[in-house]
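Chemist: So here's model_10.pdb, just PDB, C-alpha atoms:
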ATOM      1  CA  MET A   1     -85.519  41.265-129.420
ATOM      2  CA  THR A   2     -86.939  44.673-130.284
ATOM      3  CA  ASP A   3     -90.733  44.879-130.269
ATOM      4  CA  TYR A   4     -92.216  46.787-133.193
ATOM      5  CA  SER A   5     -95.848  46.474-132.139
ATOM      6  CA  ASP A   6     -98.310  48.428-134.250
ATOM      7  CA  GLY A   7    -100.686  48.804-131.289
ATOM      8  CA  PHE A   8    -101.085  52.187-129.623
ATOM      9  CA  ASP A   9    -101.335  52.146-125.822
ATOM     10  CA  HIS A  10    -102.175  55.612-124.550
ATOM     11  CA  ASP A  11    -101.072  54.612-121.018
ATOM     12  CA  SER A  12     -97.675  53.287-122.111
ATOM     13  CA  PRO A  13     -94.487  54.767-120.608
ATOM     14  CA  ARG A  14     -93.439  56.043-124.039
ATOM     15  CA  VAL A  15     -96.630  58.030-124.570
ATOM     16  CA  ALA A  16     -96.406  59.435-121.046
ATOM     17  CA  ALA A  17     -92.765  60.385-121.671
ATOM     18  CA  VAL A  18     -93.739  62.318-124.786
ATOM     19  CA  ASN A  19     -96.454  64.130-122.827
ATOM     20  CA  TRP A  20     -93.990  65.085-120.100
ATOM     21  CA  TRP A  21     -91.463  66.240-122.667
ATOM     22  CA  ILE A  22     -93.980  68.523-124.374
ATOM     23  CA  ARG A  23     -95.135  69.940-121.032
ATOM     24  CA  MET A  24     -91.550  70.746-120.075
ATOM     25  CA  ARG A  25     -90.897  72.391-123.422
ATOM     26  CA  ALA A  26     -93.958  74.585-123.009
ATOM     27  CA  GLY A  27     -92.498  76.136-119.838
ATOM     28  CA  ALA A  28     -91.070  75.475-116.396
ATOM     29  CA  LEU A  29     -92.988  72.958-114.306
ATOM     30  CA  SER A  30     -94.601  74.123-111.101
ATOM     31  CA  ALA A  31     -93.454  72.558-107.838
ATOM     32  CA  ALA A  32     -96.505  70.290-107.849
ATOM     33  CA  GLU A  33     -95.879  69.255-111.457
ATOM     34  CA  LYS A  34     -92.225  68.589-110.741
ATOM     35  CA  ALA A  35     -93.203  66.360-107.824
ATOM     36  CA  GLU A  36     -95.702  64.545-110.044
ATOM     37  CA  PHE A  37     -93.018  64.019-112.695
ATOM     38  CA  ASP A  38     -90.502  62.703-110.152
ATOM     39  CA  ALA A  39     -93.129  60.310-108.774
ATOM     40  CA  TRP A  40     -94.016  59.064-112.245
ATOM     41  CA  ARG A  41     -90.364  58.512-113.171
ATOM     42  CA  ALA A  42     -89.663  56.610-109.934
ATOM     43  CA  ALA A  43     -92.847  54.517-110.085
ATOM     44  CA  ASP A  44     -91.589  52.179-112.795
ATOM     45  CA  PRO A  45     -88.108  51.619-114.300
ATOM     46  CA  ALA A  46     -89.767  51.566-117.741
ATOM     47  CA  ASN A  47     -90.819  55.182-117.213
ATOM     48  CA  ALA A  48     -87.233  56.279-116.636
ATOM     49  CA  VAL A  49     -86.036  54.342-119.689
ATOM     50  CA  ALA A  50     -88.753  55.885-121.858
ATOM     51  CA  PHE A  51     -87.917  59.399-120.704
ATOM     52  CA  ASP A  52     -84.175  58.866-121.234
ATOM     53  CA  ASP A  53     -84.917  57.705-124.778
ATOM     54  CA  MET A  54     -86.948  60.873-125.236
ATOM     55  CA  ALA A  55     -83.978  62.915-124.074
ATOM     56  CA  GLU A  56     -81.694  61.167-126.558
ATOM     57  CA  MET A  57     -84.138  61.861-129.342
ATOM     58  CA  CYS A  58     -84.539  65.505-128.371
ATOM     59  CA  GLY A  59     -81.566  66.766-130.358
ATOM     60  CA  PHE A  60     -82.790  64.990-133.463
ATOM     61  CA  VAL A  61     -86.260  66.529-133.243
ATOM     62  CA  GLU A  62     -84.827  69.997-132.731
ATOM     63  CA  SER A  63     -82.589  69.555-135.780
ATOM     64  CA  LEU A  64     -85.730  69.220-137.899
ATOM     65  CA  ALA A  65     -86.907  72.693-136.919
ATOM     66  CA  PRO A  66     -85.586  75.849-138.635
ATOM     67  CA  SER A  67     -82.765  77.619-136.806
ATOM     68  CA  ARG A  68     -83.971  80.413-134.533
ATOM     69  CA  ARG A  69     -82.351  83.260-132.664
ATOM     70  CA  ALA A  70     -81.273  82.417-129.170
ATOM     71  CA  GLU A  71     -84.025  82.765-126.559
ATOM     72  CA  PRO A  72     -83.645  83.597-122.849
ATOM     73  CA  PRO A  73     -82.955  80.468-120.797
ATOM     74  CA  ARG A  74     -85.817  78.928-118.893
ATOM     75  CA  ALA A  75     -85.950  76.578-115.945
ATOM     76  CA  VAL A  76     -86.031  73.166-117.537
ATOM     77  CA  PRO A  77     -84.532  69.789-116.624
ATOM     78  CA  ARG A  78     -80.751  69.959-116.665
ATOM     79  CA  ARG A  79     -80.317  67.487-119.532
ATOM     80  CA  PHE A  80     -82.529  69.533-121.882
ATOM     81  CA  SER A  81     -81.771  72.774-123.658
ATOM     82  CA  PRO A  82     -84.595  75.331-124.072
ATOM     83  CA  ALA A  83     -87.058  74.550-126.835
ATOM     84  CA  GLY A  84     -88.376  77.101-129.276
ATOM     85  CA  ALA A  85     -91.917  77.255-130.555
ATOM     86  CA  ALA A  86     -90.825  75.418-133.694
ATOM     87  CA  THR A  87     -89.910  72.323-131.665
ATOM     88  CA  ILE A  88     -93.231  72.330-129.818
ATOM     89  CA  ALA A  89     -94.999  72.784-133.141
ATOM     90  CA  ALA A  90     -93.074  69.826-134.557
ATOM     91  CA  ALA A  91     -94.213  67.610-131.681
ATOM     92  CA  PHE A  92     -97.789  68.832-132.026
ATOM     93  CA  CYS A  93     -97.783  68.294-135.787
ATOM     94  CA  LEU A  94     -96.417  64.786-135.253
ATOM     95  CA  ALA A  95     -99.345  63.942-132.997
ATOM     96  CA  ILE A  96    -101.786  65.307-135.574
ATOM     97  CA  ALA A  97    -100.027  63.508-138.434
ATOM     98  CA  VAL A  98    -100.246  60.153-136.664
ATOM     99  CA  GLY A  99    -104.031  60.275-136.778
ATOM    100  CA  PHE A 100    -104.838  62.549-139.701
ATOM    101  CA  GLY A 101    -101.803  62.678-141.980
ATOM    102  CA  ASP A 102    -103.577  61.185-144.976
ATOM    103  CA  LEU A 103    -106.968  62.817-144.409
ATOM    104  CA  ALA A 104    -106.592  65.341-147.251
ATOM    105  CA  ASN A 105    -105.983  62.724-149.938
ATOM    106  CA  TRP A 106    -108.718  60.534-148.473
ATOM    107  CA  LEU A 107    -111.185  63.403-148.884
ATOM    108  CA  ARG A 108    -110.089  64.035-152.489
ATOM    109  CA  SER A 109    -110.054  60.395-153.543
ATOM    110  CA  ASP A 110    -112.656  58.015-154.949
ATOM    111  CA  ILE A 111    -110.535  54.903-154.354
ATOM    112  CA  TYR A 112    -108.325  54.706-151.288
ATOM    113  CA  ALA A 113    -106.080  52.073-149.698
ATOM    114  CA  GLY A 114    -104.913  52.899-146.199
ATOM    115  CA  VAL A 115    -101.669  52.153-144.399
ATOM    116  CA  GLY A 116    -100.851  48.452-144.633
ATOM    117  CA  ASP A 117    -103.804  47.796-146.935
ATOM    118  CA  ARG A 118    -103.933  46.746-150.582
ATOM    119  CA  LYS A 119    -107.088  47.033-152.640
ATOM    120  CA  SER A 120    -108.360  45.758-156.004
ATOM    121  CA  VAL A 121    -111.257  47.571-157.696
ATOM    122  CA  THR A 122    -113.141  47.049-160.968
ATOM    123  CA  LEU A 123    -114.159  50.374-162.520
ATOM    124  CA  GLU A 124    -117.468  51.067-164.255
ATOM    125  CA  ASP A 125    -115.852  50.526-167.680
ATOM    126  CA  GLY A 126    -114.518  47.098-166.705
ATOM    127  CA  SER A 127    -110.938  48.236-166.117
ATOM    128  CA  ARG A 128    -109.170  46.930-163.028
ATOM    129  CA  VAL A 129    -107.083  48.923-160.574
ATOM    130  CA  ASP A 130    -104.863  47.422-157.862
ATOM    131  CA  LEU A 131    -103.751  49.889-155.200
ATOM    132  CA  ASP A 132    -100.735  49.454-152.977
ATOM    133  CA  ALA A 133    -100.857  50.539-149.332
ATOM    134  CA  SER A 134    -101.182  54.289-148.653
ATOM    135  CA  SER A 135    -102.436  55.032-152.167
ATOM    136  CA  ALA A 136    -105.294  57.163-153.455
ATOM    137  CA  ILE A 137    -106.985  57.746-156.827
ATOM    138  CA  ALA A 138    -109.565  60.279-157.994
ATOM    139  CA  LEU A 139    -111.874  59.429-160.928
ATOM    140  CA  HIS A 140    -112.955  61.913-163.617
ATOM    141  CA  PHE A 141    -114.748  59.762-166.174
ATOM    142  CA  GLU A 142    -116.176  61.808-169.050
ATOM    143  CA  PRO A 143    -118.163  60.894-172.198
ATOM    144  CA  GLY A 144    -115.060  61.122-174.399
ATOM    145  CA  ARG A 145    -112.291  60.209-171.956
ATOM    146  CA  ARG A 146    -111.605  58.044-168.926
ATOM    147  CA  ARG A 147    -109.402  60.250-166.775
ATOM    148  CA  LEU A 148    -107.967  59.329-163.373
ATOM    149  CA  THR A 149    -105.524  61.016-161.011
ATOM    150  CA  LEU A 150    -103.074  59.066-158.879
ATOM    151  CA  LEU A 151    -102.868  61.319-155.814
ATOM    152  CA  GLU A 152    -100.297  59.316-153.871
ATOM    153  CA  GLY A 153     -98.731  55.894-153.631
ATOM    154  CA  GLU A 154     -98.682  53.229-156.326
ATOM    155  CA  ALA A 155    -101.273  51.514-158.529
ATOM    156  CA  TRP A 156    -101.456  48.970-161.331
ATOM    157  CA  PHE A 157    -103.989  49.431-164.116
ATOM    158  CA  GLN A 158    -105.432  46.792-166.452
ATOM    159  CA  VAL A 159    -107.372  48.763-169.029
ATOM    160  CA  ALA A 160    -110.601  47.598-170.695
ATOM    161  CA  PRO A 161    -110.521  48.353-174.457
ATOM    162  CA  ASP A 162    -112.581  51.360-175.612
ATOM    163  CA  ALA A 163    -111.167  53.189-178.635
ATOM    164  CA  ALA A 164    -113.714  55.980-178.269
ATOM    165  CA  ARG A 165    -112.671  56.805-174.699
ATOM    166  CA  PRO A 166    -108.913  57.021-174.041
ATOM    167  CA  PHE A 167    -107.757  55.880-170.614
ATOM    168  CA  VAL A 168    -105.499  58.545-169.071
ATOM    169  CA  VAL A 169    -103.853  58.562-165.651
ATOM    170  CA  GLU A 170    -102.486  61.872-164.372
ATOM    171  CA  ALA A 171     -99.673  61.816-161.839
ATOM    172  CA  ALA A 172     -96.873  64.132-160.668
ATOM    173  CA  GLY A 173     -97.724  66.818-163.219
ATOM    174  CA  GLY A 174     -97.711  64.497-166.242
ATOM    175  CA  SER A 175    -100.010  61.955-167.837
ATOM    176  CA  VAL A 176     -99.913  58.325-168.960
ATOM    177  CA  THR A 177    -102.252  57.264-171.778
ATOM    178  CA  ALA A 178    -102.950  53.570-172.253
ATOM    179  CA  LEU A 179    -102.372  52.116-175.708
ATOM    180  CA  GLY A 180    -104.287  48.891-175.043
ATOM    181  CA  THR A 181    -102.348  47.959-171.984
ATOM    182  CA  ALA A 182    -101.558  47.155-168.361
ATOM    183  CA  PHE A 183     -99.111  49.323-166.441
ATOM    184  CA  ASP A 184     -97.937  50.417-163.011
ATOM    185  CA  ILE A 185     -97.416  53.972-161.743
ATOM    186  CA  ALA A 186     -95.647  54.897-158.504
ATOM    187  CA  ILE A 187     -95.236  58.384-157.029
ATOM    188  CA  ASP A 188     -92.163  59.149-154.936
ATOM    189  CA  LYS A 189     -90.898  62.582-153.896
ATOM    190  CA  GLY A 190     -92.851  64.390-156.617
ATOM    191  CA  GLU A 191     -91.710  62.047-159.380
ATOM    192  CA  ALA A 192     -93.809  59.375-161.107
ATOM    193  CA  ARG A 193     -92.360  56.065-162.267
ATOM    194  CA  VAL A 194     -94.277  54.094-164.905
ATOM    195  CA  THR A 195     -93.645  50.407-165.643
ATOM    196  CA  VAL A 196     -95.455  48.727-168.550
ATOM    197  CA  THR A 197     -96.505  45.104-168.060
ATOM    198  CA  GLU A 198     -98.505  44.729-171.307
ATOM    199  CA  HIS A 199     -98.403  46.533-174.675
ATOM    200  CA  SER A 200     -97.402  50.212-174.321
ATOM    201  CA  VAL A 201     -98.290  53.664-172.973
ATOM    202  CA  ALA A 202     -97.710  57.256-174.074
ATOM    203  CA  VAL A 203     -96.186  59.465-171.379
ATOM    204  CA  ALA A 204     -96.564  63.245-171.633
ATOM    205  CA  SER A 205     -94.638  65.566-169.317
ATOM    206  CA  GLY A 206     -92.469  68.658-169.476
ATOM    207  CA  GLY A 207     -93.914  69.550-172.875
ATOM    208  CA  GLU A 208     -92.731  66.310-174.485
ATOM    209  CA  SER A 209     -94.088  62.805-175.069
ATOM    210  CA  VAL A 210     -92.519  59.356-175.189
ATOM    211  CA  VAL A 211     -93.871  55.854-175.781
ATOM    212  CA  VAL A 212     -92.914  53.206-173.217
ATOM    213  CA  GLU A 213     -93.161  49.617-174.447
ATOM    214  CA  GLU A 214     -93.915  46.403-172.561
ATOM    215  CA  GLY A 215     -91.146  45.413-170.166
ATOM    216  CA  ALA A 216     -89.765  48.950-169.953
ATOM    217  CA  GLN A 217     -89.850  51.724-167.378
ATOM    218  CA  SER A 218     -89.642  55.517-167.446
ATOM    219  CA  ALA A 219     -89.975  58.333-164.925
ATOM    220  CA  PHE A 220     -91.142  61.931-165.118
ATOM    221  CA  SER A 221     -92.213  64.958-163.104
ATOM    222  CA  ALA A 222     -94.047  68.224-163.703
ATOM    223  CA  ALA A 223     -90.848  70.058-164.629
ATOM    224  CA  ARG A 224     -89.033  67.242-166.389
ATOM    225  CA  ALA A 225     -89.834  65.255-169.510
ATOM    226  CA  ALA A 226     -89.968  61.486-169.234
ATOM    227  CA  ARG A 227     -86.549  59.891-169.331
ATOM    228  CA  ALA A 228     -85.700  57.420-172.073
ATOM    229  CA  PRO A 229     -87.367  54.055-171.362
ATOM    230  CA  GLU A 230     -85.180  51.322-169.899
ATOM    231  CA  THR A 231     -85.759  47.571-169.803
ATOM    232  CA  VAL A 232     -86.569  46.365-166.287
ATOM    233  CA  ASP A 233     -87.516  43.195-164.422
ATOM    234  CA  VAL A 234     -91.291  43.708-164.397
ATOM    235  CA  LYS A 235     -91.899  41.107-161.684
ATOM    236  CA  ARG A 236     -89.422  42.848-159.418
ATOM    237  CA  ALA A 237     -90.841  46.290-160.189
ATOM    238  CA  THR A 238     -94.370  45.156-159.317
ATOM    239  CA  ALA A 239     -93.485  42.832-156.440
ATOM    240  CA  TRP A 240     -95.775  44.803-154.135
ATOM    241  CA  ARG A 241     -98.744  43.143-155.843
ATOM    242  CA  ARG A 242     -97.511  39.838-154.402
ATOM    243  CA  GLY A 243     -96.920  41.346-150.965
ATOM    244  CA  ARG A 244     -93.162  41.701-151.377
ATOM    245  CA  LEU A 245     -90.870  44.700-151.008
ATOM    246  CA  ILE A 246     -87.590  44.312-152.873
ATOM    247  CA  PHE A 247     -84.654  46.654-152.313
ATOM    248  CA  GLU A 248     -81.304  46.443-154.051
ATOM    249  CA  ASN A 249     -78.555  48.667-152.667
ATOM    250  CA  LYS A 250     -81.057  51.337-151.577
ATOM    251  CA  PRO A 251     -80.260  53.942-148.894
ATOM    252  CA  LEU A 252     -81.836  53.238-145.517
ATOM    253  CA  GLY A 253     -83.833  56.474-145.577
ATOM    254  CA  GLU A 254     -85.542  55.438-148.809
ATOM    255  CA  VAL A 255     -86.235  51.937-147.502
ATOM    256  CA  LEU A 256     -87.823  53.269-144.302
ATOM    257  CA  ALA A 257     -90.053  55.571-146.340
ATOM    258  CA  ALA A 258     -91.282  52.596-148.383
ATOM    259  CA  LEU A 259     -91.890  50.500-145.271
ATOM    260  CA  GLY A 260     -93.772  53.425-143.753
ATOM    261  CA  ARG A 261     -96.576  52.912-146.253
ATOM    262  CA  HIS A 262     -97.201  49.522-144.693
ATOM    263  CA  ARG A 263     -96.859  50.405-141.013
ATOM    264  CA  ARG A 264     -98.863  52.863-138.932
ATOM    265  CA  GLY A 265     -96.585  55.473-137.463
ATOM    266  CA  TYR A 266     -93.143  56.724-138.390
ATOM    267  CA  VAL A 267     -89.675  55.225-138.479
ATOM    268  CA  TYR A 268     -86.762  57.611-139.052
ATOM    269  CA  CYS A 269     -83.022  57.170-139.301
ATOM    270  CA  ILE A 270     -80.876  59.620-137.347
ATOM    271  CA  GLY A 271     -77.804  61.114-138.930
ATOM    272  CA  GLU A 272     -76.661  61.388-142.511
ATOM    273  CA  ALA A 273     -74.297  58.435-142.202
ATOM    274  CA  SER A 274     -77.000  56.124-140.849
ATOM    275  CA  CYS A 275     -79.556  57.171-143.459
ATOM    276  CA  ALA A 276     -77.022  56.544-146.222
ATOM    277  CA  ARG A 277     -76.413  52.921-145.173
ATOM    278  CA  ARG A 278     -77.356  50.584-148.013
ATOM    279  CA  VAL A 279     -80.038  47.902-147.814
ATOM    280  CA  THR A 280     -80.525  44.876-150.070
ATOM    281  CA  GLY A 281     -83.201  42.309-149.416
ATOM    282  CA  VAL A 282     -86.684  40.936-149.977
ATOM    283  CA  PHE A 283     -89.193  41.698-147.235
ATOM    284  CA  ASP A 284     -92.787  40.787-146.448
ATOM    285  CA  ALA A 285     -94.941  43.892-146.928
ATOM    286  CA  GLU A 286     -97.533  42.412-144.578
ATOM    287  CA  ASN A 287     -94.995  42.128-141.768
ATOM    288  CA  PRO A 288     -93.086  45.437-141.676
ATOM    289  CA  ALA A 289     -92.198  44.826-138.027
ATOM    290  CA  GLN A 290     -90.138  41.818-139.033
ATOM    291  CA  ALA A 291     -88.545  43.783-141.855
ATOM    292  CA  LEU A 292     -87.462  46.472-139.390
ATOM    293  CA  ARG A 293     -86.023  43.884-137.034
ATOM    294  CA  GLU A 294     -84.012  42.342-139.862
ATOM    295  CA  ILE A 295     -82.725  45.718-141.056
ATOM    296  CA  GLU A 296     -81.801  46.760-137.519
ATOM    297  CA  ALA A 297     -79.872  43.533-136.958
ATOM    298  CA  PHE A 298     -78.185  43.463-140.369
ATOM    299  CA  LEU A 299     -76.960  47.055-140.187
ATOM    300  CA  GLY A 300     -76.143  46.899-136.484
ATOM    301  CA  LEU A 301     -78.492  49.745-135.619
ATOM    302  CA  ARG A 302     -80.152  50.663-132.350
ATOM    303  CA  ALA A 303     -83.868  51.465-132.127
ATOM    304  CA  ILE A 304     -85.209  54.236-129.902
ATOM    305  CA  HIS A 305     -88.950  53.823-129.278
ATOM    306  CA  VAL A 306     -90.371  57.266-128.539
ATOM    307  CA  THR A 307     -93.924  55.947-128.759
ATOM    308  CA  ASP A 308     -95.396  52.932-130.522
ATOM    309  CA  TYR A 309     -95.935  55.290-133.440
ATOM    310  CA  LEU A 310     -92.435  56.788-133.567
ATOM    311  CA  ILE A 311     -89.230  54.761-133.820
ATOM    312  CA  LEU A 312     -85.767  56.160-134.483
ATOM    313  CA  LEU A 313     -82.894  54.064-135.851
ATOM    314  CA  HIS A 314     -79.280  55.048-135.395
ATOM    315  CA  GLY A 315     -75.926  53.372-135.306
TER     316      GLY A 315
END
For this file, write the structure as structure tokens.

Modeler:
Amino acid sequence: MTDYSDGFDHDSPRVAAVNWWIRMRAGALSAAEKAEFDAWRAADPANAVAFDDMAEMCGFVESLAPSRRAEPPRAVPRRFSPAGAATIAAAFCLAIAVGFGDLANWLRSDIYAGVGDRKSVTLEDGSRVDLDASSAIALHFEPGRRRLTLLEGEAWFQVAPDAARPFVVEAAGGSVTALGTAFDIAIDKGEARVTVTEHSVAVASGGESVVVEEGAQSAFSAARAARAPETVDVKRATAWRRGRLIFENKPLGEVLAALGRHRRGYVYCIGEASCARRVTGVFDAENPAQALREIEAFLGLRAIHVTDYLILLHG
């Protein structure tokens, strides 16, 4: 059975394979380096497997980089094509992102829930905020208004009454004003989705405003007015608060992005056809490794472990 450990072993064959791959991409190995590489590969069968997986993944990584003009060939291992600076930069940025990808929002935020963490906070006015994993909020309380900004992720708000100080949450270029209420806001790909669990809210975006009543949902972005509210299953829409992730006929790429908020590292699908595969199921947000195993088995996919922090699914 595939192991989706969240641990990070710097001496693991996968990490060493990535290091060798980057060194080879940076230029031809010296004779001493080549001998060191051959010795490392032969020292343990797991090393050879890890490096072969890296080779298989190579084409996928290069496809993420912008196309470049052909460069003069260099002496590299026979199974690799020459790498441009964009590919090396992609690998370097990946290493930085693993440790510091959410640093910017952490610095801007007043309330923050990290990867795989959920948090509940009572604000100074008595309002309650529940944050899903990988979510951040900035507070801007003023004498005449309680203003917050959802920087990333998803949060549920239970607002304490105060007619003299409106409660406003800004997200994705729009705003949601509580009308004596409890509601959920999620940000995904620059769009905000608001689900009302009690009373109603006023959503302003794209120069227009709409009222969303209890049990309904709307979505908006900076350039687009809120869509007409639709009745939804509120319990399903806010299942994350009970530690559940529910997907109904969602593309694999979207599902992996959601799971990524609950697991340190990155899981990608390779190929348009694989990413378009549909997923339906209820998964435990506190056990994303199990969710990935179930998805892999159900869709008949194969997992390539580049490092413990980078897994690629294809089929």

Chemist: Would you list the contacts of Ser200 (chain A) as a list in words, taking every protein, DNA or RNA residue within 12 Å and counting only C-alpha atoms, but skipping same-chain residues closer than 4 positions in sequence?

Modeler: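 Counting only the stated atoms, we get Gln158, Val159, Val176, Thr177, Ala178, Leu179, Gly180, Thr181, Ala182, Phe183, Asp184, Val194, Thr195, Val196, Val210, Val211, Val212, Glu213, Glu214, Gly215, Ala216, Gln217, Ser218 and Pro229 of chain A.
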
Chemist: Applying the PyMOL selection byres ((chain A and resi 266-277) around 6) to the file I just gave you, which residues come out? Please list them as a ChimeraX atom specification.

Modeler: /A:251-253,265,278,309-314

Chemist: On this structure, the PyMOL selection byres ((chain A and resi 148) around 6) would catch which residues? List them as a list in words, sorted by chain and number.

Modeler: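 The output of the PyMOL selection byres ((chain A and resi 148) around 6) on this file is Ala138, Leu139, His140, Arg147, Thr149 and Val169 of chain A.
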
Chemist: Go ahead and save the picked residues with C-alpha atoms, as a JSON list (two decimals), keeping the file's coordinate frame.

Modeler:
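Output contents, as saved in part37.json:
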[["chain", "number", "residue", "atom", "x", "y", "z"],
["A", 138, "ALA", "CA", -109.56, 60.28, -157.99],
["A", 139, "LEU", "CA", -111.87, 59.43, -160.93],
["A", 140, "HIS", "CA", -112.96, 61.91, -163.62],
["A", 147, "ARG", "CA", -109.40, 60.25, -166.78],
["A", 149, "THR", "CA", -105.52, 61.02, -161.01],
["A", 169, "VAL", "CA", -103.85, 58.56, -165.65]]

Chemist: So the first atom is CA of Glu191 (chain A) and the second is CA of Gly206 (chain A); what is the distance between them in Å, to one decimal place?

Modeler: 12.1 Å

Chemist: Please indicate the distance in Å from CA of Ala222 (chain A) to CA of Val168 (chain A), rounded to one decimal place.

Modeler: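 Those two atoms sit 15.9 Å apart.
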
Chemist: Report, in Å with one decimal, the straight-line distance from CA of Ile187 (chain A) to CA of Asp284 (chain A).

Modeler: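 Value for the CA of Ile187 (chain A)-CA of Asp284 (chain A) distance: 20.7 Å.
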
Chemist: Near Arg242 (chain A), counting all atoms listed in the file, which residues have an atom at most 12 Å away, once you skip same-chain residues fewer than 3 positions from it, shown as a PyMOL selection string?

Modeler: chain A and resi 118+130-132+235-239+245-246+282-286

Chemist: Starting from 3 Å padding per side, set up an axis-aligned box that covers all listed atoms of region 309-312 of chain A and hand over centre and edge lengths in Å, one decimal, as AutoDock Vina command-line options.

Modeler:
--center_x -90.9 --center_y 55.8 --center_z -134.0 --size_x 16.2 --size_y 8.0 --size_z 7.0

Chemist: Which one of A:Ser135, A:Ser221, A:Asn47, A:Asn249 sits closest to Ala192 (chain A) if you count only C-alpha atoms?

Modeler: A:Ser221

Chemist: Looking at A:Gly153, A:Gly144, A:Pro45, A:Gly116, which one is nearest to Ala289 (chain A), with distances taken over all atoms listed in the file?

Modeler: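 Looking only at the distances to Ala289 (chain A), the closest residue turns out to be A:Gly116.
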
Chemist: Please evaluate the PyMOL selection byres ((chain A and resi 166) around 6) against the structure above and give the resulting residues as a PyMOL selection string.

Modeler: chain A and resi 145-146+165+167

Chemist: I need the chosen residues saved as a PDB file, in the frame of the given file, with C-alpha atoms.

Modeler:
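And here's part-v5.pdb as it stands now:
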ATOM      1  CA  ARG A 145    -112.291  60.209-171.956  1.00  0.00           C
ATOM      2  CA  ARG A 146    -111.605  58.044-168.926  1.00  0.00           C
ATOM      3  CA  ARG A 165    -112.671  56.805-174.699  1.00  0.00           C
ATOM      4  CA  PHE A 167    -107.757  55.880-170.614  1.00  0.00           C
TER       5      PHE A 167
END
